[in-house]
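**Q** Here's a structure for you.
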Amino acid sequence: MRKFSTRFHKFFLVVICFFIAVNNTQIFAVENTEVTPDFLLAKVYEPNKTNIKISDYLVSEKFDGVRAFWDGKNLWSRGGENISAPSWFLQDFPNNIKLDGELWLGRNSGDFEKISALTRQKKDTNNSKKINENSWKNVKFLIFECPSCDGDFLARYNTLLKLKQNGKIKSTYIEIIPQIKLNSQSELLAKFDEVKKIGGEGLMLHKANSLYHSGRSSDLLKFKIWRESIAEVIGYKDGKGKYNGKVGSLKVRWKNPDTNTILEFNIGSGLSDLQRENPPKVGEFIEFKFREFTKTGKPRFPIFVKQVEN
């Protein structure tokens, strides 16, 4: 009986230690898990295709930056990675207000590449390596959404303005993106041209009476500036995953109209499944569209439009 009692206590202690170990492992796993914010994503507005009532939306400039989400403690990227901004940059961010916006440097060519590289910088595990703090002095966190605010988008926007005005959002690095109401497509196109002239990327249309939610929706539309050009197909890159055995992208040769430089790059976006199976032949020409140039002079985010006559 005594032996049984001793064995029972040993077994009981082993079980207890096991559950403590499992529990601690779960705790540490949760603490180290990165959070992916539930972003509201935009659909594309096309003037001749998208059927909406313009007056139902609030309109703002579309800023070409890095999407970021402030959860009250940390700054997160759209991919769920913690953005290592300097402590002085974040010190006046609100503790109990969630903010969604763009980390932005400016409208100049190359500014997107700079802010993208800056937000990807990480500290060493021992925090001995400092991030490029001086570059953060020119960064603005431009806010267009408040997920923790009540009401529809118009109400949330007005709440943001009040929070900034009364000092509850006091950081000088945080700015609220102005929203305006337009009454017709002609007014929208005029605003689009106005933004284009100052080097802006385009416009955002946010449905005024929409409640906050995540996912891609017509409650949020993007109206962007596109350039169109022609390139020659010179080869192919094999597809991967669902495009295995098909063309992943077209390798093209293109002449930059601003510098007359001949450049080569790949275009995959915009190709249909049928076009990936039967792509334009080498030596044939395609039309593609893009928004702007990279710092190396190549089209940024080129999208296939159609094959054209040689």
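Scheme for the structure tokens: letters A, B, ... for chains in order shown; per-chain residue numbers from 1; ligand numbers from 1 in order shown.
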Where does DSSP see strand (DSSP E or B) in range 119-200 of chain A, if you list the residues as a ChimeraX atom specification?
**A** /A:140-145,174-176,180-181
**Q** Counting only C-alpha atoms, what is within 10 Å of range 154-168 of chain A, bar same-chain residues fewer than 4 positions away, as a PyMOL selection string?
**A** chain A and resi 57-58+92-97+99+143-150+172+174-179+206-212
**Q** Restricting the output to C-alpha atoms, write the selected residues as a JSON list (two decimals), in the first residue's frame.
**A**
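The resulting file, selection-v1.json, is reproduced below:
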```json
[["chain", "number", "residue", "atom", "x", "y", "z"],
["A", 57, "TYR", "CA", -18.77, 58.71, -51.16],
["A", 58, "LEU", "CA", -16.20, 60.87, -49.44],
["A", 92, "ASP", "CA", 2.76, 60.38, -28.56],
["A", 93, "PHE", "CA", 0.65, 57.85, -30.44],
["A", 94, "PRO", "CA", -2.69, 57.24, -28.64],
["A", 95, "ASN", "CA", -2.87, 54.23, -26.30],
["A", 96, "ASN", "CA", -6.51, 53.30, -26.73],
["A", 97, "ILE", "CA", -7.32, 54.29, -30.32],
["A", 99, "LEU", "CA", -5.63, 53.86, -36.49],
["A", 143, "ILE", "CA", -4.79, 58.44, -41.21],
["A", 144, "PHE", "CA", -7.94, 57.65, -43.16],
["A", 145, "GLU", "CA", -9.66, 55.18, -40.85],
["A", 146, "CYS", "CA", -10.39, 54.59, -37.17],
["A", 147, "PRO", "CA", -11.46, 50.95, -36.63],
["A", 148, "SER", "CA", -12.13, 51.55, -32.92],
["A", 149, "CYS", "CA", -14.43, 54.54, -33.54],
["A", 150, "ASP", "CA", -18.22, 54.16, -33.63],
["A", 172, "THR", "CA", 2.92, 65.74, -34.75],
["A", 174, "ILE", "CA", 0.02, 61.83, -37.26],
["A", 175, "GLU", "CA", -2.17, 63.71, -39.73],
["A", 176, "ILE", "CA", -5.80, 63.10, -40.68],
["A", 177, "ILE", "CA", -6.35, 62.85, -44.42],
["A", 178, "PRO", "CA", -8.96, 65.45, -45.53],
["A", 179, "GLN", "CA", -12.15, 63.97, -46.96],
["A", 206, "HIS", "CA", -14.95, 55.78, -49.15],
["A", 207, "LYS", "CA", -18.70, 55.19, -48.84],
["A", 208, "ALA", "CA", -19.95, 57.68, -46.27],
["A", 209, "ASN", "CA", -22.58, 55.45, -44.64],
["A", 210, "SER", "CA", -20.48, 52.26, -44.48],
["A", 211, "LEU", "CA", -19.77, 50.58, -41.15],
["A", 212, "TYR", "CA", -16.22, 49.41, -40.51]]
```
**Q** Here is a test: counting only C-alpha atoms, which residue of A:Ala68, A:Ile54, A:Val308, A:Ile303 is nearest to Leu182 in chain A?
**A** A:Ile54
**Q** Considering only C-alpha atoms, return as number ranges by chain whatever protein or nucleic-acid residues lie within 9 Å of Thr261 in chain A, sequence-local ones (same chain, fewer than 6 positions apart) excluded.
**A** A: 254-255, 297
**Q** Got a sec to tell me which of range 129-270 of chain A DSSP assigns to helix (DSSP H, G or I), as a VMD selection string?
**A** chain A and resid 133 to 136 153 to 165 185 to 197 241 to 243
**Q** In Å, how far is it from CA of Val305 in chain A to CA of Thr50 in chain A?
**A**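 CA of Thr50 in chain A lies 18.2 Å from CA of Val305 in chain A.
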**Q** With a cut-off of 10 Å, could you pull out the residues of range 99-146 of chain A touching range 272-294 of chain A and give me the nearest pair of atoms for each, distance in Å to one decimal, using only C-alpha atoms, ordered by chain and ascending number, as a tab-separated table?
**A**
```
residue	atom	partner	partner_atom	distance
A:Ser109	CA	A:Phe293	CA	7.3
A:Gly110	CA	A:Thr294	CA	6.4
A:Asp111	CA	A:Thr294	CA	9.6
A:Phe112	CA	A:Thr294	CA	8.9
A:Glu113	CA	A:Thr294	CA	7.7
```
**Q** For Leu250 in chain A, please output as a short mmCIF file (atom, residue, chain, number, x, y, z; two decimals) with C-alpha atoms, in the first residue's frame all residues within 6 Å (counting only C-alpha atoms; exclusion window: fewer than 5 positions along the same chain).
**A**
```cif
data_model
loop_
_atom_site.label_atom_id
_atom_site.label_comp_id
_atom_site.auth_asym_id
_atom_site.auth_seq_id
_atom_site.Cartn_x
_atom_site.Cartn_y
_atom_site.Cartn_z
CA TYR A 236 9.08 33.81 -70.67
CA ASN A 266 8.89 40.80 -66.47
CA ILE A 267 5.12 41.32 -66.68
#
```
**Q** Any idea what's packed within 12 Å of Arg107 in chain A, counting only C-alpha atoms, ignoring anything in its chain fewer than 3 positions away? Could you give it as number ranges by chain?
**A** A: 61-65, 104, 110-115, 195-202, 292
**Q** Do you know which residues are at most 7 Å from Trp70 in chain A counting only C-alpha atoms, after dropping those on the same chain fewer than 3 positions away, and could you put them as a ChimeraX atom specification?
**A** /A:73-76,98-100
**Q** Store the residues picked out above, limited to C-alpha atoms, as a JSON list (two decimals), in the first residue's frame.
**A**
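Full text of selection20.json as output:
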```
[["chain", "number", "residue", "atom", "x", "y", "z"],
["A", 73, "LYS", "CA", 0.63, 49.63, -28.64],
["A", 74, "ASN", "CA", 2.39, 48.58, -31.83],
["A", 75, "LEU", "CA", 2.61, 49.52, -35.48],
["A", 76, "TRP", "CA", 1.88, 46.67, -37.89],
["A", 98, "LYS", "CA", -6.79, 52.06, -33.36],
["A", 99, "LEU", "CA", -5.63, 53.86, -36.49],
["A", 100, "ASP", "CA", -5.31, 52.76, -40.10]]
```
**Q** Return the single residue from A:Gly79, A:Gly215, A:Pro257, A:Gly268 that is closest to Asp238 in chain A, with distances computed using only C-alpha atoms.
**A**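 Using only C-alpha atoms, the shortest distance to Asp238 in chain A belongs to A:Gly268.
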**Q** Between CA of Lys306 in chain A and CA of Lys43 in chain A, what is the distance, to one decimal in Å?
**A**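 Going from CA of Lys306 in chain A over to CA of Lys43 in chain A covers 21.4 Å.
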**Q** Would you mind reading off the distance between CA of Leu105 in chain A and CA of Glu194 in chain A, one decimal, in Å?
**A** 19.9 Å
